[in-house]
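Participant: Got query_6.cif for you, mmCIF, C-alpha atoms (C1' of nucleotides):
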```
data_entry
loop_
_atom_site.label_atom_id
_atom_site.label_comp_id
_atom_site.auth_asym_id
_atom_site.auth_seq_id
_atom_site.Cartn_x
_atom_site.Cartn_y
_atom_site.Cartn_z
CA MET A 1 185.72 34.68 -53.86
CA ARG A 2 186.94 33.49 -57.24
CA ASP A 3 183.50 32.04 -57.86
CA VAL A 4 181.85 35.26 -56.79
CA TYR A 5 183.75 37.32 -59.34
CA ARG A 6 182.89 34.79 -61.97
CA ALA A 7 179.24 34.85 -60.99
CA LEU A 8 179.10 38.63 -61.16
CA SER A 9 180.78 38.81 -64.54
CA ASP A 10 177.61 37.98 -66.45
CA PRO A 11 174.83 40.59 -66.84
CA THR A 12 172.02 38.04 -66.67
CA ARG A 13 173.34 36.67 -63.40
CA ARG A 14 173.65 40.17 -61.97
CA ALA A 15 170.05 40.83 -62.95
CA ILE A 16 168.98 37.61 -61.24
CA LEU A 17 170.64 38.75 -58.05
CA ARG A 18 168.91 42.11 -58.26
CA LEU A 19 165.56 40.38 -58.67
CA LEU A 20 166.16 38.17 -55.67
CA ARG A 21 167.13 41.16 -53.62
CA LYS A 22 163.46 42.10 -53.44
CA ARG A 23 161.85 38.72 -52.90
CA ASP A 24 162.27 35.00 -53.35
CA LEU A 25 161.23 33.71 -56.75
CA SER A 26 160.76 30.37 -58.44
CA ALA A 27 162.88 29.43 -61.41
CA GLY A 28 159.85 29.99 -63.61
CA ASP A 29 159.16 33.43 -62.17
CA ILE A 30 162.73 34.42 -62.84
CA ALA A 31 162.55 33.02 -66.36
CA GLU A 32 159.72 35.41 -67.20
CA HIS A 33 162.12 38.30 -66.79
CA PHE A 34 164.61 37.09 -69.37
CA PRO A 35 164.58 36.33 -73.08
CA VAL A 36 166.63 33.17 -72.69
CA ALA A 37 165.58 29.55 -72.53
CA LYS A 38 164.99 27.90 -69.15
CA PRO A 39 167.92 25.50 -69.39
CA THR A 40 170.19 28.47 -69.97
CA LEU A 41 168.90 30.01 -66.79
CA SER A 42 169.39 26.76 -64.94
CA LYS A 43 173.05 26.99 -65.80
CA HIS A 44 173.16 30.51 -64.42
CA PHE A 45 171.54 29.27 -61.22
CA THR A 46 174.25 26.65 -60.95
CA VAL A 47 176.98 29.26 -61.26
CA LEU A 48 175.31 31.45 -58.66
CA LYS A 49 174.93 28.48 -56.34
CA GLU A 50 178.60 27.58 -56.78
CA ALA A 51 179.41 31.07 -55.56
CA ASP A 52 176.97 30.45 -52.70
CA LEU A 53 175.17 33.65 -53.68
CA ILE A 54 171.79 31.95 -53.96
CA GLN A 55 170.15 28.77 -52.81
CA GLY A 56 167.12 26.86 -53.98
CA ARG A 57 164.55 24.95 -52.02
CA ARG A 58 161.93 22.73 -53.51
CA ASN A 59 158.27 23.50 -52.99
CA GLY A 60 156.19 20.93 -54.76
CA THR A 61 157.11 20.94 -58.41
CA THR A 62 158.72 24.34 -58.27
CA ILE A 63 162.05 25.41 -56.89
CA ILE A 64 162.21 28.66 -55.01
CA TYR A 65 165.44 30.59 -55.17
CA SER A 66 166.54 33.04 -52.54
CA LEU A 67 169.49 35.35 -52.22
CA ASN A 68 172.15 34.58 -49.63
CA VAL A 69 172.18 38.11 -48.36
CA SER A 70 175.05 37.82 -45.94
CA VAL A 71 177.26 36.06 -48.47
CA LEU A 72 176.70 38.85 -50.98
CA GLU A 73 177.34 41.50 -48.37
CA ASP A 74 180.52 39.82 -47.22
CA ALA A 75 181.70 39.49 -50.80
CA LEU A 76 181.13 43.17 -51.47
CA CYS A 77 182.94 44.14 -48.31
CA GLN A 78 185.84 41.93 -49.23
CA MET A 79 186.04 43.56 -52.63
CA MET A 80 186.18 46.89 -50.90
CA ASP A 81 188.97 45.67 -48.68
CA THR A 82 190.83 44.26 -51.62
CA PHE A 83 190.68 47.29 -53.84
CA LYS A 84 189.84 50.36 -51.89
CA ILE A 85 192.65 52.80 -51.70
CA SER A 86 194.87 52.85 -48.69
CA PRO A 87 196.25 56.40 -48.24
CA LYS A 88 199.76 55.10 -48.82
CA SER A 89 201.78 56.94 -51.39
CA LYS A 90 200.91 60.20 -53.05
CA SER A 91 198.62 60.23 -56.03
CA SER A 92 200.20 58.92 -59.16
CA LYS A 93 199.95 61.05 -62.27
CA GLU A 94 201.06 64.70 -62.44
CA MET B 95 180.27 49.15 -65.75
CA ARG B 96 179.94 46.13 -67.96
CA ASP B 97 183.63 46.47 -68.77
CA VAL B 98 184.52 46.82 -65.11
CA TYR B 99 182.86 43.54 -64.20
CA ARG B 100 184.64 41.90 -67.07
CA ALA B 101 187.96 43.37 -66.02
CA LEU B 102 187.52 42.16 -62.46
CA SER B 103 186.54 38.65 -63.47
CA ASP B 104 190.14 37.56 -64.09
CA PRO B 105 192.49 36.87 -61.16
CA THR B 106 195.57 38.17 -62.95
CA ARG B 107 193.86 41.47 -63.70
CA ARG B 108 192.73 41.78 -60.10
CA ALA B 109 196.30 41.23 -58.99
CA ILE B 110 197.51 43.92 -61.38
CA LEU B 111 195.06 46.37 -59.84
CA ARG B 112 196.26 45.47 -56.37
CA LEU B 113 199.85 46.07 -57.43
CA LEU B 114 199.01 49.46 -58.89
CA ARG B 115 197.18 50.39 -55.72
CA LYS B 116 200.55 50.85 -54.07
CA ARG B 117 202.53 52.59 -56.78
CA ASP B 118 202.80 53.15 -60.51
CA LEU B 119 204.68 50.46 -62.37
CA SER B 120 206.00 49.87 -65.86
CA ALA B 121 204.69 46.99 -67.94
CA GLY B 122 207.97 45.23 -67.34
CA ASP B 123 207.82 45.71 -63.59
CA ILE B 124 204.35 44.25 -63.55
CA ALA B 125 205.45 41.34 -65.71
CA GLU B 126 207.98 40.31 -63.09
CA HIS B 127 205.14 39.49 -60.73
CA PHE B 128 203.44 37.03 -63.03
CA PRO B 129 204.34 33.73 -64.67
CA VAL B 130 202.77 34.69 -67.99
CA ALA B 131 204.31 36.05 -71.17
CA LYS B 132 204.46 39.79 -71.75
CA PRO B 133 202.05 39.81 -74.68
CA THR B 134 199.51 38.07 -72.49
CA LEU B 135 199.87 40.84 -69.95
CA SER B 136 199.53 43.44 -72.68
CA LYS B 137 196.12 42.00 -73.40
CA HIS B 138 195.20 42.29 -69.75
CA PHE B 139 196.31 45.91 -69.79
CA THR B 140 194.03 46.49 -72.75
CA VAL B 141 191.05 45.04 -70.91
CA LEU B 142 191.81 47.15 -67.85
CA LYS B 143 192.15 50.25 -70.01
CA GLU B 144 188.84 49.52 -71.72
CA ALA B 145 187.27 49.56 -68.28
CA ASP B 146 189.14 52.80 -67.64
CA LEU B 147 190.59 51.25 -64.50
CA ILE B 148 194.19 51.98 -65.49
CA GLN B 149 196.04 54.23 -67.88
CA GLY B 150 199.48 54.11 -69.35
CA ARG B 151 201.86 56.92 -70.14
CA ARG B 152 205.04 56.51 -72.09
CA ASN B 153 208.36 57.33 -70.50
CA GLY B 154 211.14 56.70 -72.95
CA THR B 155 210.96 53.12 -74.07
CA THR B 156 208.86 52.04 -71.14
CA ILE B 157 205.20 52.54 -70.43
CA ILE B 158 204.16 53.38 -66.92
CA TYR B 159 200.79 52.18 -65.78
CA SER B 160 198.80 53.82 -63.03
CA LEU B 161 195.53 53.01 -61.36
CA ASN B 162 192.57 55.27 -61.98
CA VAL B 163 191.72 55.46 -58.34
CA SER B 164 188.50 57.40 -58.59
CA VAL B 165 187.15 55.17 -61.34
CA LEU B 166 187.77 52.10 -59.22
CA GLU B 167 186.22 53.70 -56.18
CA ASP B 168 183.17 54.79 -58.13
CA ALA B 169 182.80 51.32 -59.58
CA LEU B 170 182.93 49.72 -56.15
CA CYS B 171 180.36 52.17 -54.81
CA GLN B 172 178.09 51.48 -57.73
CA MET B 173 178.34 47.77 -57.07
CA MET B 174 177.35 48.44 -53.51
CA ASP B 175 174.38 50.45 -54.67
CA THR B 176 173.39 47.78 -57.12
CA PHE B 177 173.53 44.85 -54.78
CA LYS B 178 173.43 45.97 -51.22
CA ILE B 179 170.31 44.98 -49.43
CA SER B 180 167.50 47.43 -49.11
CA PRO B 181 165.54 46.62 -45.91
CA LYS B 182 162.44 45.92 -47.99
CA SER B 183 160.72 42.65 -47.33
CA LYS B 184 161.40 40.27 -44.51
CA SER B 185 164.27 37.87 -44.74
CA SER B 186 163.72 35.07 -47.17
CA LYS B 187 164.13 31.55 -45.91
CA GLU B 188 162.20 30.10 -42.95
"C1'" DC C 189 222.11 55.40 -89.10
"C1'" DG C 190 222.15 50.87 -86.64
"C1'" DA C 191 221.74 48.16 -82.62
"C1'" DA C 192 219.47 47.38 -78.31
"C1'" DT C 193 215.49 47.49 -75.27
"C1'" DA C 194 210.50 47.79 -74.05
"C1'" DA C 195 206.22 46.96 -75.30
"C1'" DT C 196 202.51 46.00 -78.42
"C1'" DT C 197 200.13 43.80 -82.38
"C1'" DA C 198 199.27 39.67 -85.29
"C1'" DG C 199 198.01 35.23 -85.50
"C1'" DC C 200 197.27 30.81 -83.65
"C1'" DC C 201 195.21 27.34 -80.27
"C1'" DA C 202 192.73 24.94 -76.39
"C1'" DA C 203 189.46 25.66 -72.94
"C1'" DA C 204 185.61 28.04 -71.03
"C1'" DT C 205 181.21 30.42 -71.75
"C1'" DG C 206 176.50 31.21 -72.87
"C1'" DG C 207 173.11 29.91 -75.85
"C1'" DC C 208 169.81 26.27 -77.85
"C1'" DT C 209 166.84 21.76 -78.31
"C1'" DA C 210 165.83 17.19 -76.70
"C1'" DA C 211 165.66 14.08 -72.99
"C1'" DT C 212 165.28 13.20 -68.11
"C1'" DT C 213 163.92 13.76 -63.31
"C1'" DA C 214 160.67 15.10 -59.62
"C1'" DG C 215 156.38 15.92 -57.64
"C1'" DC C 216 151.29 16.36 -57.83
"C1'" DC C 217 146.71 14.73 -58.62
"C1'" DA C 218 142.78 12.38 -60.89
"C1'" DT D 219 149.33 4.22 -62.72
"C1'" DG D 220 149.22 7.82 -66.13
"C1'" DG D 221 149.46 12.35 -67.34
"C1'" DC D 222 150.74 17.11 -66.38
"C1'" DT D 223 153.85 20.75 -64.94
"C1'" DA D 224 158.36 22.54 -63.38
"C1'" DA D 225 162.92 22.25 -63.65
"C1'" DT D 226 167.28 20.18 -64.56
"C1'" DT D 227 170.71 17.42 -67.16
"C1'" DA D 228 172.75 15.94 -71.61
"C1'" DG D 229 174.67 17.16 -75.61
"C1'" DC D 230 175.68 20.26 -79.24
"C1'" DC D 231 177.45 24.74 -81.26
"C1'" DA D 232 179.49 29.47 -81.94
"C1'" DT D 233 181.95 32.94 -79.55
"C1'" DT D 234 185.02 34.61 -76.16
"C1'" DT D 235 188.96 34.10 -73.35
"C1'" DG D 236 193.58 33.61 -71.86
"C1'" DG D 237 197.65 31.69 -73.16
"C1'" DC D 238 201.75 31.29 -76.48
"C1'" DT D 239 205.43 32.59 -80.25
"C1'" DA D 240 206.81 35.55 -83.95
"C1'" DA D 241 206.71 39.97 -85.93
"C1'" DT D 242 206.21 44.92 -85.48
"C1'" DT D 243 206.53 49.51 -83.46
"C1'" DA D 244 208.70 53.06 -80.60
"C1'" DT D 245 212.47 55.10 -78.40
"C1'" DT D 246 217.14 55.69 -76.86
"C1'" DC D 247 222.02 55.86 -77.50
"C1'" DG D 248 226.70 55.07 -79.52
#
```
What do you get writing this file as structure tokens?

Facilitator:
Amino acid sequence: MRDVYRALSDPTRRAILRLLRKRDLSAGDIAEHFPVAKPTLSKHFTVLKEADLIQGRRNGTTIIYSLNVSVLEDALCQMMDTFKISPKSKSSKE
Amino acid sequence: MRDVYRALSDPTRRAILRLLRKRDLSAGDIAEHFPVAKPTLSKHFTVLKEADLIQGRRNGTTIIYSLNVSVLEDALCQMMDTFKISPKSKSSKE
DNA sequence: CGAATAATTAGCCAAATGGCTAATTAGCCA
DNA sequence: TGGCTAATTAGCCATTTGGCTAATTATTCG
């Protein structure tokens, strides 16, 4: 989970995830959506892979990235579990 | 939201939020749970306040921090909205 | 007021982060 | 094989981050 939080902390990486939500895309396709150099994006891919949020498969000279849907869903659910409010004590202020 | 992601990216700050989920606590009370110096925690409080996830109120010489429950809930819901899978295209791999 | 306590701000430092260009790897095809 | 394209790795740099100690602020109380 640590890696997931880290992965989500950067706006470019969040945008990559949103793109991949719709369809698989090659590294080059993704690059067209961002004003940063390709090697910079490669680093972002690495971070996202470390969090297991995406995976790449080679297709000829290109690499196709796809979202690991269930991993993302599980991570979101776990965040809910971690932070969502248990109706324990009364509300705080006032 | 940018600030929320940033706030959540650090494990100490996440732990602070979990603590405040149960009850309000003074800065000193919170400090007892962590092996870091008080000024370091003060910085974390600042980051959490910038994300509007917590607020502090003074009570004599101490400052009591409380979780902004609805802000956290809204943030989590928005993350769900942002990332949860719309049943658009078919699954990706294979 | 003066001392004590709680917390923050100021200022410093090492490590991590996100960006870039140049060089390298990997696969395709003539 | 040689050349082309796609992408990553290597290496560099500036900024941010999370940590610390010392100094400052705020409040209470004798």

Participant: Report as a JSON list (two decimals) with C-alpha atoms (C1' of nucleotides), keeping the file's coordinate frame the full result of the PyMOL selection byres ((chain A and resi 39) around 12) when it is applied to this structure.

Facilitator:
```
[["chain", "number", "residue", "atom", "x", "y", "z"],
["A", 27, "ALA", "CA", 162.88, 29.43, -61.41],
["A", 28, "GLY", "CA", 159.85, 29.99, -63.61],
["A", 31, "ALA", "CA", 162.55, 33.02, -66.36],
["A", 35, "PRO", "CA", 164.58, 36.33, -73.08],
["A", 36, "VAL", "CA", 166.63, 33.17, -72.69],
["A", 37, "ALA", "CA", 165.58, 29.55, -72.53],
["A", 38, "LYS", "CA", 164.99, 27.90, -69.15],
["A", 40, "THR", "CA", 170.19, 28.47, -69.97],
["A", 41, "LEU", "CA", 168.90, 30.01, -66.79],
["A", 42, "SER", "CA", 169.39, 26.76, -64.94],
["A", 43, "LYS", "CA", 173.05, 26.99, -65.80],
["A", 44, "HIS", "CA", 173.16, 30.51, -64.42],
["A", 45, "PHE", "CA", 171.54, 29.27, -61.22],
["A", 46, "THR", "CA", 174.25, 26.65, -60.95],
["C", 206, "DG", "C1'", 176.50, 31.21, -72.87],
["C", 207, "DG", "C1'", 173.11, 29.91, -75.85],
["C", 208, "DC", "C1'", 169.81, 26.27, -77.85],
["C", 209, "DT", "C1'", 166.84, 21.76, -78.31],
["C", 210, "DA", "C1'", 165.83, 17.19, -76.70],
["D", 224, "DA", "C1'", 158.36, 22.54, -63.38],
["D", 225, "DA", "C1'", 162.92, 22.25, -63.65],
["D", 226, "DT", "C1'", 167.28, 20.18, -64.56],
["D", 227, "DT", "C1'", 170.71, 17.42, -67.16],
["D", 228, "DA", "C1'", 172.75, 15.94, -71.61]]
```

Participant: Once the PyMOL selection byres ((chain D and resi 219) around 12) is applied to the coordinates I shared, what remains selected? I want it as a PyMOL selection string.

Facilitator: (chain C and resi 217-218) or (chain D and resi 220-221)

Participant: Interatomic distance between atom CA of Thr62 of chain A and atom CA of Pro11 of chain A?

Facilitator: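 Computed distance, atom CA of Thr62 of chain A to atom CA of Pro11 of chain A, equals 24.4 Å.
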
Participant: Kindly assemble as a Markdown table a list of the chain C residues that lie within 12 Å of chain B, each paired with its nearest atom pair and their distance in Å to one decimal, using all atoms listed in the file, sorted first by chain and then by ascending residue number.

Facilitator:
```
| residue | atom | partner | partner_atom | distance |
| --- | --- | --- | --- | --- |
| C:DA192 | C1' | B:Thr155 | CA | 11.1 |
| C:DT193 | C1' | B:Thr155 | CA | 7.3 |
| C:DA194 | C1' | B:Thr155 | CA | 5.3 |
| C:DA195 | C1' | B:Thr156 | CA | 7.1 |
| C:DT196 | C1' | B:Ser136 | CA | 7.0 |
| C:DT197 | C1' | B:Pro133 | CA | 8.9 |
| C:DA198 | C1' | B:Pro133 | CA | 11.0 |
```

Participant: I'd like to see the residues matched by the PyMOL selection byres ((chain A) within 7 of (chain B)) on this file, and ideally I'd get them as a list in words.

Facilitator: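 For this structure, the PyMOL selection byres ((chain A) within 7 of (chain B)) captures Tyr5, Arg6, Leu8, Ser9, Arg18, Arg21, Lys22, Arg23, Asp24, Ser66, Glu73, Leu76, Met80, Phe83, Lys84, Ile85, Lys88, Ser89 and Ser92 of chain A.
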
Participant: Any chance you could export the current selection's C-alpha atoms as a tab-separated table (two decimals), keeping the file's coordinate frame?

Facilitator:
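Contents of the output file again.tsv:
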```tsv
chain	number	residue	atom	x	y	z
A	5	TYR	CA	183.75	37.32	-59.34
A	6	ARG	CA	182.89	34.79	-61.97
A	8	LEU	CA	179.10	38.63	-61.16
A	9	SER	CA	180.78	38.81	-64.54
A	18	ARG	CA	168.91	42.11	-58.26
A	21	ARG	CA	167.13	41.16	-53.62
A	22	LYS	CA	163.46	42.10	-53.44
A	23	ARG	CA	161.85	38.72	-52.90
A	24	ASP	CA	162.27	35.00	-53.35
A	66	SER	CA	166.54	33.04	-52.54
A	73	GLU	CA	177.34	41.50	-48.37
A	76	LEU	CA	181.13	43.17	-51.47
A	80	MET	CA	186.18	46.89	-50.90
A	83	PHE	CA	190.68	47.29	-53.84
A	84	LYS	CA	189.84	50.36	-51.89
A	85	ILE	CA	192.65	52.80	-51.70
A	88	LYS	CA	199.76	55.10	-48.82
A	89	SER	CA	201.78	56.94	-51.39
A	92	SER	CA	200.20	58.92	-59.16
```

Participant: I'd like a table as JSON lines: residues in chain D with an atom no more than 8 Å from chain B, each row giving the shortest atom pair and its distance in Å to one decimal, all atoms listed in the file counted, sorted by chain and rising residue number.

Facilitator:
```
{"residue": "D:DG236", "atom": "C1'", "partner": "B:Thr134", "partner_atom": "CA", "distance": 7.4}
{"residue": "D:DG237", "atom": "C1'", "partner": "B:Thr134", "partner_atom": "CA", "distance": 6.7}
{"residue": "D:DC238", "atom": "C1'", "partner": "B:Ala131", "partner_atom": "CA", "distance": 7.6}
{"residue": "D:DA244", "atom": "C1'", "partner": "B:Thr155", "partner_atom": "CA", "distance": 6.9}
{"residue": "D:DT245", "atom": "C1'", "partner": "B:Thr155", "partner_atom": "CA", "distance": 5.0}
{"residue": "D:DT246", "atom": "C1'", "partner": "B:Gly154", "partner_atom": "CA", "distance": 7.2}
```

Participant: Rounded to one decimal place, report the atom CA of Asp175 of chain B-atom CA of Thr106 of chain B distance in Å.

Facilitator: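 Interatomic distance here is 25.9 Å.
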
Participant: Can you measure atom CA of Ile148 of chain B to atom CA of Met95 of chain B for me? One decimal in Å is fine.

Facilitator: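 According to the coordinates, atom CA of Ile148 of chain B and atom CA of Met95 of chain B are separated by 14.2 Å.
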
Participant: So which residues are close to (184.9, 26.2, -78.5), meaning at most 10 Å away in the file's coordinates with all atoms listed in the file counted, and can you show them as a short mmCIF file (atom, residue, chain, number, x, y, z; two decimals) with C-alpha atoms (C1' of nucleotides), in the frame of the given file?

Facilitator:
```
data_model
loop_
_atom_site.label_atom_id
_atom_site.label_comp_id
_atom_site.auth_asym_id
_atom_site.auth_seq_id
_atom_site.Cartn_x
_atom_site.Cartn_y
_atom_site.Cartn_z
"C1'" DA C 202 192.73 24.94 -76.39
"C1'" DA C 203 189.46 25.66 -72.94
"C1'" DA C 204 185.61 28.04 -71.03
"C1'" DT C 205 181.21 30.42 -71.75
"C1'" DC D 231 177.45 24.74 -81.26
"C1'" DA D 232 179.49 29.47 -81.94
"C1'" DT D 233 181.95 32.94 -79.55
"C1'" DT D 234 185.02 34.61 -76.16
#
```

Participant: With 5 Å added on each side, what axis-aligned box encloses every listed atom of segment 107-114 of chain B? Give the centre and edge lengths in Å to one decimal, as AutoDock Vina command-line options.

Facilitator:
```
--center_x 196.3 --center_y 45.3 --center_z -60.0 --size_x 17.1 --size_y 18.2 --size_z 17.3
```

Participant: Take segment 3-90 of chain A from the block and save it with C-alpha atoms, as a short mmCIF file (atom, residue, chain, number, x, y, z; two decimals), in the first residue's frame.

Facilitator:
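Saved as selection27.cif:
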```cif
data_model
loop_
_atom_site.label_atom_id
_atom_site.label_comp_id
_atom_site.auth_asym_id
_atom_site.auth_seq_id
_atom_site.Cartn_x
_atom_site.Cartn_y
_atom_site.Cartn_z
CA ASP A 3 3.80 2.21 -2.92
CA VAL A 4 0.23 2.91 -3.92
CA TYR A 5 0.07 6.10 -1.89
CA ARG A 6 3.36 7.15 -3.36
CA ALA A 7 2.16 6.40 -6.87
CA LEU A 8 -1.01 8.41 -6.38
CA SER A 9 0.79 11.41 -4.95
CA ASP A 10 1.85 12.72 -8.35
CA PRO A 11 -0.69 14.40 -10.67
CA THR A 12 0.88 13.05 -13.85
CA ARG A 13 0.69 9.51 -12.54
CA ARG A 14 -2.93 9.99 -11.54
CA ALA A 15 -3.68 11.23 -15.04
CA ILE A 16 -1.97 8.17 -16.51
CA LEU A 17 -4.19 5.94 -14.44
CA ARG A 18 -7.28 7.81 -15.59
CA LEU A 19 -6.21 7.37 -19.20
CA LEU A 20 -5.68 3.67 -18.77
CA ARG A 21 -9.06 3.35 -17.15
CA LYS A 22 -10.62 3.72 -20.59
CA ARG A 23 -8.30 1.61 -22.70
CA ASP A 24 -4.83 0.15 -22.95
CA LEU A 25 -2.26 2.49 -24.44
CA SER A 26 1.33 2.32 -25.60
CA ALA A 27 3.98 4.40 -23.89
CA GLY A 28 4.01 6.64 -26.94
CA ASP A 29 0.25 7.10 -26.93
CA ILE A 30 0.39 8.11 -23.30
CA ALA A 31 3.27 10.48 -23.98
CA GLU A 32 1.13 12.44 -26.42
CA HIS A 33 -1.10 13.47 -23.54
CA PHE A 34 1.65 15.07 -21.50
CA PRO A 35 4.11 17.91 -21.93
CA VAL A 36 6.99 15.98 -20.42
CA ALA A 37 9.81 14.06 -22.05
CA LYS A 38 9.45 10.33 -22.66
CA PRO A 39 12.16 9.29 -20.20
CA THR A 40 10.32 11.21 -17.51
CA LEU A 41 7.21 9.24 -18.28
CA SER A 42 9.18 6.02 -18.21
CA LYS A 43 10.07 6.81 -14.64
CA HIS A 44 6.42 7.35 -13.83
CA PHE A 45 5.61 3.98 -15.40
CA THR A 46 8.20 2.41 -13.16
CA VAL A 47 6.63 3.91 -10.06
CA LEU A 48 3.19 2.77 -11.13
CA LYS A 49 4.52 -0.71 -11.83
CA GLU A 50 6.17 -0.84 -8.41
CA ALA A 51 2.75 -0.20 -6.93
CA ASP A 52 1.43 -2.94 -9.22
CA LEU A 53 -1.15 -0.47 -10.53
CA ILE A 54 -0.18 -1.01 -14.15
CA GLN A 55 1.67 -3.54 -16.22
CA GLY A 56 3.31 -3.41 -19.60
CA ARG A 57 3.51 -6.01 -22.31
CA ARG A 58 5.64 -5.77 -25.37
CA ASN A 59 4.06 -5.76 -28.80
CA GLY A 60 6.73 -5.46 -31.41
CA THR A 61 8.68 -2.31 -30.77
CA THR A 62 6.01 -0.77 -28.61
CA ILE A 63 5.04 -1.51 -25.05
CA ILE A 64 1.37 -1.54 -24.20
CA TYR A 65 0.40 -0.50 -20.71
CA SER A 66 -2.77 -1.60 -19.02
CA LEU A 67 -4.36 -0.79 -15.71
CA ASN A 68 -4.47 -3.47 -13.04
CA VAL A 69 -8.10 -2.83 -12.31
CA SER A 70 -8.51 -5.13 -9.36
CA VAL A 71 -5.37 -3.85 -7.67
CA LEU A 72 -6.62 -0.27 -7.94
CA GLU A 73 -10.04 -1.24 -6.67
CA ASP A 74 -8.59 -3.13 -3.74
CA ALA A 75 -6.34 -0.21 -2.90
CA LEU A 76 -9.25 2.21 -2.89
CA CYS A 77 -11.29 -0.10 -0.71
CA GLN A 78 -8.42 -0.44 1.69
CA MET A 79 -8.12 3.31 1.91
CA MET A 80 -11.78 3.45 2.74
CA ASP A 81 -11.31 0.87 5.45
CA THR A 82 -8.33 2.69 6.82
CA PHE A 83 -9.85 6.12 7.01
CA LYS A 84 -13.57 5.96 6.85
CA ILE A 85 -15.23 6.94 10.04
CA SER A 86 -16.34 4.32 12.45
CA PRO A 87 -19.33 5.65 14.44
CA LYS A 88 -17.30 5.45 17.63
CA SER A 89 -17.23 8.55 19.74
CA LYS A 90 -19.37 11.62 19.31
#
```
